[in-house]
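Notes follow the structure.
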Amino acid sequence: MKNFRLILLLFFTLFVNSCNKHAPNPVSPDASDVWKVSPPEAQLVNSTKLNFLSDEIEKGTYGEIKSLIIARNNFLIFEHYYRGDSREDLHLLYSVTKSFTSALVGIAINEGKIAGLIKTLLGYFPEYTVQNNSLTKQSINLKDAITMSAGFQWNELSLPYSDVNNDFQVFYRSKDKFQYILNKPIEYEPGTKFVYNTALTYLFSGIIKKQMRESAEQMAVEKIFNPLGIGKYIWETTADSISNTGNGLSLRPIDMALFGQLYLDKGKWNNQQLIPQSWIQESTAKSISVNSYYDYGYFWWRFSNSNSVVSSLPVNDIYYAEGYSDQFIFVVPQYQMVIVITADNREDYYPIGDMLKNYIFPAIIN
């Protein structure tokens with residue numbers, strides 16, 4: 001996980017701190033309070049091994065871990081907070097926000113407000129006259145954008161985020177952020193190469209606002225938060241009144257777990273289909289290879305088959321949301337398990353995958 005946690009270093013702090021913050025919303029009835037609690041052994045999980053992991057977390061083996069939550073078979077089997085945090089503390093999700101954005105896109109498509117992923121990106125921004133236009137640029141579709149393979153010339157990784165020449169910094173300072181990203185030349189054939197590009201996520205915020213006639217935040221509250229009983233959150237809004245769909249959402253870790261459980265349950269909650277089941281399956285599957293260790297779906301990550309984290313599993317079906325400083329929602333269908341980790345590991349690398357490989361997965365009682 002090292003490479004792609006370091007991708008997010010510094011820029012998240014710069015970007016998030018510059019956004020306007022909404023005050024936390026009043027707490028609505030809490031769905032997590034009706035989530036049944038079970039001893040780990042009752043769900044065939046060895047509590048001793050989980051406690052060993054908790055001891056390592058306390059010792060700082062994995063840095064500044066703030067919470068670890070594990071659910072199995074729709075039961076909460078482990079919920080622990082560290083270093084002064086508590087259940088009621090909101091935690092900035094950073095790029096885990098992108099996976100919530102993916103859910104909103106799927107809902108909008110299902111409702112006919114977004115005309116599928118084959119619709120061209122420029123088709124949603126007809127008011128813009130773009131530079132470096134070409135037939136290739138005109139062919140970029142929403143699937144290319146949601147898989148970070150749109151093909152734009154983009155340099156967000158090789159330069160420090162503090163560098164004024166970093167594309168993200170120029171994008172952020174731009175008066176019209178949509179214009180900046182849409183003006184960029186095309187470097188790769190769309191759909192062929194993964195290039196981490198935060199601006200692509202921001203484009204979806206604009207599309208949602210146009211097509212749903214409400215902000216991404218408002219849509220999330222109506223379509224996901226209220227049904228799940230999530231009432232305490234902050235969703236940052238940029239200076240141009242667009243929801244920060246890249247890294248601006250703050251939630252309680254227990255509510256991150258609820259979102260993971262919603263995905264594990266194929267988008268259904270209390271007999272209501274909140275997210276289309278077909279979208280859950282499509283968006284969390286591998287769409288493009290990142291490198292030999294990671295794959296990518298629609299703003300969801302996967303471990304490649306060669307990654308040691310999944311080497312001992314019968315099948316590689318894990319998908320996960322990841323954010324800077326070690327924020328994670330892991331969904332493990334074969335074990336009917338959701339794992340949430342939050343942390344404040346801003347600079348140093350910690351092998352978070354080892355928590356799964358060495359403690360949590362071995363704790364499963366066959």
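Residue names in the structure tokens use chain letters A, B, ... in the order shown, residue numbers from 1 in each chain, and ligand numbers from 1 in the order shown.
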Can you check which residues of stretch 16-181 of chain A DSSP gives as alpha helix (DSSP H) on the backbone and send them as a VMD selection string?
chain A and resid 16 to 17 47 to 59 97 to 110 135 to 139 142 to 146 167 to 173 177 to 181
Sorted per-residue table, stretch 142-188 of chain A near stretch 106-129 of chain A, closest atoms and distance, 9 Å, only C-alpha atoms, as CSV:
residue,atom,partner,partner_atom,distance
A:Leu142,CA,A:Leu117,CA,4.7
A:Lys143,CA,A:Leu117,CA,4.9
A:Asp144,CA,A:Leu117,CA,8.3
A:Ala145,CA,A:Leu121,CA,7.8
A:Ile146,CA,A:Leu117,CA,8.6
A:Phe178,CA,A:Phe125,CA,8.6
A:Gln179,CA,A:Tyr128,CA,6.9
A:Leu182,CA,A:Leu122,CA,8.0
A:Asn183,CA,A:Thr129,CA,8.5
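Minimum atom-to-atom distance to A:Ile65, evaluated using only C-alpha atoms, belongs to A:Ser325 out of A:Asn166, A:Thr245, A:Ser47, A:Ser325.
Take atom CA of A:Ile288 and atom CA of A:Thr101: the distance between them is 18.5 Å.
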Find the residues of stretch 133-156 of chain A that sit at most 7 Å from stretch 196-206 of chain A; for each, write down the nearest two atoms and how far apart they are in Å, to one decimal. Count only C-alpha atoms. Sort by chain, then by number going up, and give it as a Markdown table.
| residue | atom | partner | partner_atom | distance |
| --- | --- | --- | --- | --- |
| A:Ala145 | CA | A:Leu200 | CA | 5.9 |
| A:Met148 | CA | A:Tyr196 | CA | 5.9 |
| A:Trp154 | CA | A:Asn197 | CA | 6.9 |
| A:Glu156 | CA | A:Asn197 | CA | 6.9 |
Could I get the residues of stretch 48-93 of chain A with an atom no further than 8 Å from an atom of stretch 348-352 of chain A, each paired with its nearest atom pair and that distance in Å to one decimal, using only C-alpha atoms, sorted by chain and residue number, as a Markdown table?
| residue | atom | partner | partner_atom | distance |
| --- | --- | --- | --- | --- |
| A:Thr61 | CA | A:Tyr350 | CA | 8.0 |
| A:Tyr62 | CA | A:Tyr350 | CA | 5.4 |
| A:Gly63 | CA | A:Tyr350 | CA | 6.6 |
Residues from the last selection, C-alpha atoms, saved as a PDB file, in the first residue's frame:
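See again_39.pdb below for the written result:
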ATOM      1  CA  THR A  61       3.466  -0.795  15.725  1.00  0.00           C
ATOM      2  CA  TYR A  62       1.133   0.615  13.062  1.00  0.00           C
ATOM      3  CA  GLY A  63       1.588   4.271  13.898  1.00  0.00           C
TER       4      GLY A  63
END
I'd like to know which of A:Gln272, A:Ser174, A:Asn366, A:Asn244 is closest to A:Ser215, using only C-alpha atoms.
A:Asn244
Best match for closeness to A:Glu282 among A:Ile224, A:Tyr335, A:Asn270, A:Trp300, counting only C-alpha atoms
A:Trp300
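Residue nearest A:Ile230, chosen from A:Asp317, A:Glu214, A:Glu322, A:Asp255 and counting only C-alpha atoms: A:Asp255.
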Please identify the strand (DSSP E or B) residues within stretch 100-280 of chain A (assignment by DSSP from backbone atoms) and present them as a ChimeraX atom specification.
/A:120,141,152,186,234-235,237,243,249-251,268-269,272-273
Tell me, as a ChimeraX atom specification, which residues lie within 7 Å of A:Leu68, counting only C-alpha atoms; anything in the same chain fewer than 2 positions away does not count.
/A:70,79-81,340-342
Let's have the selection written as a PDB file, in the first residue's frame, with C-alpha atoms.
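This went into part.pdb:
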ATOM      1  CA  ILE A  70     -14.704  -5.273  12.538  1.00  0.00           C
ATOM      2  CA  GLU A  79     -14.961  -1.812  18.040  1.00  0.00           C
ATOM      3  CA  HIS A  80     -12.039  -0.095  19.661  1.00  0.00           C
ATOM      4  CA  TYR A  81     -10.720   3.468  19.706  1.00  0.00           C
ATOM      5  CA  VAL A 340     -12.627  -0.080   9.178  1.00  0.00           C
ATOM      6  CA  ILE A 341      -9.326   1.514  10.123  1.00  0.00           C
ATOM      7  CA  THR A 342      -8.742   5.192  10.779  1.00  0.00           C
TER       8      THR A 342
END
A straight line from atom CA of A:Val164 to atom CA of A:Ile181 spans 15.9 Å
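Atom CA of A:Leu44 to atom CA of A:Ala363 spans 8.3 Å [interatomic distance, one decimal].
By only C-alpha atoms, and with residues fewer than 3 positions from A:Gly353 along its chain excluded, the set lying at most 12 Å from it is Met1, Lys2, Arg5, Tyr62, Tyr293, Phe303, Asn307, Ser308, Val309, Val310, Ser311, Ile318, Tyr320, Glu322, Asp326, Phe328, Phe330, Ile339, Ile341, Tyr349, Tyr350, Leu356, Lys357, Asn358, Tyr359, Ile360 and Phe361 of chain A.
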What would the file look like if the residues just selected were written as an mmCIF file, in the first residue's frame with N, CA and C atoms?
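Okay, this is what ended up in part.cif:
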data_model
loop_
_atom_site.group_PDB
_atom_site.id
_atom_site.type_symbol
_atom_site.label_atom_id
_atom_site.label_comp_id
_atom_site.auth_asym_id
_atom_site.auth_seq_id
_atom_site.Cartn_x
_atom_site.Cartn_y
_atom_site.Cartn_z
ATOM 1 N N MET A 1 0.816 -1.208 0.000
ATOM 2 C CA MET A 1 0.000 0.000 0.000
ATOM 3 C C MET A 1 0.854 1.266 0.000
ATOM 4 N N LYS A 2 2.145 1.100 0.135
ATOM 5 C CA LYS A 2 3.010 2.265 0.341
ATOM 6 C C LYS A 2 2.877 3.280 -0.768
ATOM 7 N N ARG A 5 -0.445 5.326 -0.772
ATOM 8 C CA ARG A 5 -0.703 6.220 0.349
ATOM 9 C C ARG A 5 0.182 7.451 0.219
ATOM 10 N N TYR A 62 1.724 0.140 14.313
ATOM 11 C CA TYR A 62 1.133 0.615 13.062
ATOM 12 C C TYR A 62 0.881 2.123 13.079
ATOM 13 N N TYR A 293 0.730 -4.830 -7.988
ATOM 14 C CA TYR A 293 0.207 -5.060 -6.643
ATOM 15 C C TYR A 293 -1.225 -4.561 -6.433
ATOM 16 N N PHE A 303 -6.673 -5.396 -4.256
ATOM 17 C CA PHE A 303 -5.340 -5.992 -4.265
ATOM 18 C C PHE A 303 -5.230 -6.880 -5.504
ATOM 19 N N ASN A 307 -0.443 -9.699 -4.738
ATOM 20 C CA ASN A 307 -0.215 -8.983 -3.484
ATOM 21 C C ASN A 307 -0.248 -9.966 -2.312
ATOM 22 N N SER A 308 0.737 -9.890 -1.444
ATOM 23 C CA SER A 308 0.853 -10.854 -0.341
ATOM 24 C C SER A 308 -0.307 -10.769 0.644
ATOM 25 N N VAL A 309 -1.003 -9.647 0.686
ATOM 26 C CA VAL A 309 -2.134 -9.507 1.614
ATOM 27 C C VAL A 309 -3.197 -10.566 1.351
ATOM 28 N N VAL A 310 -3.359 -10.939 0.090
ATOM 29 C CA VAL A 310 -4.430 -11.876 -0.267
ATOM 30 C C VAL A 310 -3.894 -13.271 -0.595
ATOM 31 N N SER A 311 -2.596 -13.495 -0.386
ATOM 32 C CA SER A 311 -1.984 -14.745 -0.838
ATOM 33 C C SER A 311 -2.539 -15.974 -0.124
ATOM 34 N N ILE A 318 -11.512 -9.183 -2.118
ATOM 35 C CA ILE A 318 -11.504 -7.969 -1.290
ATOM 36 C C ILE A 318 -11.528 -6.727 -2.176
ATOM 37 N N TYR A 320 -11.687 -2.234 -1.475
ATOM 38 C CA TYR A 320 -11.560 -1.312 -0.352
ATOM 39 C C TYR A 320 -11.487 0.144 -0.810
ATOM 40 N N GLU A 322 -9.749 3.757 0.239
ATOM 41 C CA GLU A 322 -8.521 4.165 0.918
ATOM 42 C C GLU A 322 -8.365 5.668 0.885
ATOM 43 N N ASP A 326 -3.921 6.725 6.151
ATOM 44 C CA ASP A 326 -4.403 5.397 6.545
ATOM 45 C C ASP A 326 -5.847 5.389 7.031
ATOM 46 N N PHE A 328 -9.324 3.483 5.916
ATOM 47 C CA PHE A 328 -9.706 2.335 5.102
ATOM 48 C C PHE A 328 -11.104 1.829 5.437
ATOM 49 N N PHE A 330 -12.465 -1.846 4.340
ATOM 50 C CA PHE A 330 -12.247 -3.104 3.625
ATOM 51 C C PHE A 330 -13.545 -3.911 3.623
ATOM 52 N N ILE A 339 -14.151 -4.239 7.600
ATOM 53 C CA ILE A 339 -13.087 -3.785 8.492
ATOM 54 C C ILE A 339 -12.850 -2.305 8.240
ATOM 55 N N ILE A 341 -10.509 1.013 9.428
ATOM 56 C CA ILE A 341 -9.326 1.514 10.123
ATOM 57 C C ILE A 341 -9.246 3.010 9.882
ATOM 58 N N TYR A 349 5.492 5.500 6.696
ATOM 59 C CA TYR A 349 4.800 4.350 6.129
ATOM 60 C C TYR A 349 4.649 3.249 7.173
ATOM 61 N N TYR A 350 3.444 2.706 7.265
ATOM 62 C CA TYR A 350 3.181 1.569 8.135
ATOM 63 C C TYR A 350 2.483 0.479 7.324
ATOM 64 N N LEU A 356 -4.255 -7.116 8.305
ATOM 65 C CA LEU A 356 -5.170 -8.091 7.725
ATOM 66 C C LEU A 356 -4.498 -9.458 7.620
ATOM 67 N N LYS A 357 -3.308 -9.456 7.020
ATOM 68 C CA LYS A 357 -2.622 -10.705 6.682
ATOM 69 C C LYS A 357 -2.180 -11.481 7.913
ATOM 70 N N ASN A 358 -1.693 -10.778 8.937
ATOM 71 C CA ASN A 358 -1.077 -11.460 10.074
ATOM 72 C C ASN A 358 -1.997 -11.650 11.268
ATOM 73 N N TYR A 359 -3.089 -10.909 11.327
ATOM 74 C CA TYR A 359 -3.950 -10.990 12.510
ATOM 75 C C TYR A 359 -5.423 -11.255 12.180
ATOM 76 N N ILE A 360 -6.021 -10.409 11.338
ATOM 77 C CA ILE A 360 -7.470 -10.503 11.150
ATOM 78 C C ILE A 360 -7.855 -11.743 10.354
ATOM 79 N N PHE A 361 -7.227 -11.970 9.202
ATOM 80 C CA PHE A 361 -7.574 -13.160 8.419
ATOM 81 C C PHE A 361 -7.215 -14.460 9.157
#
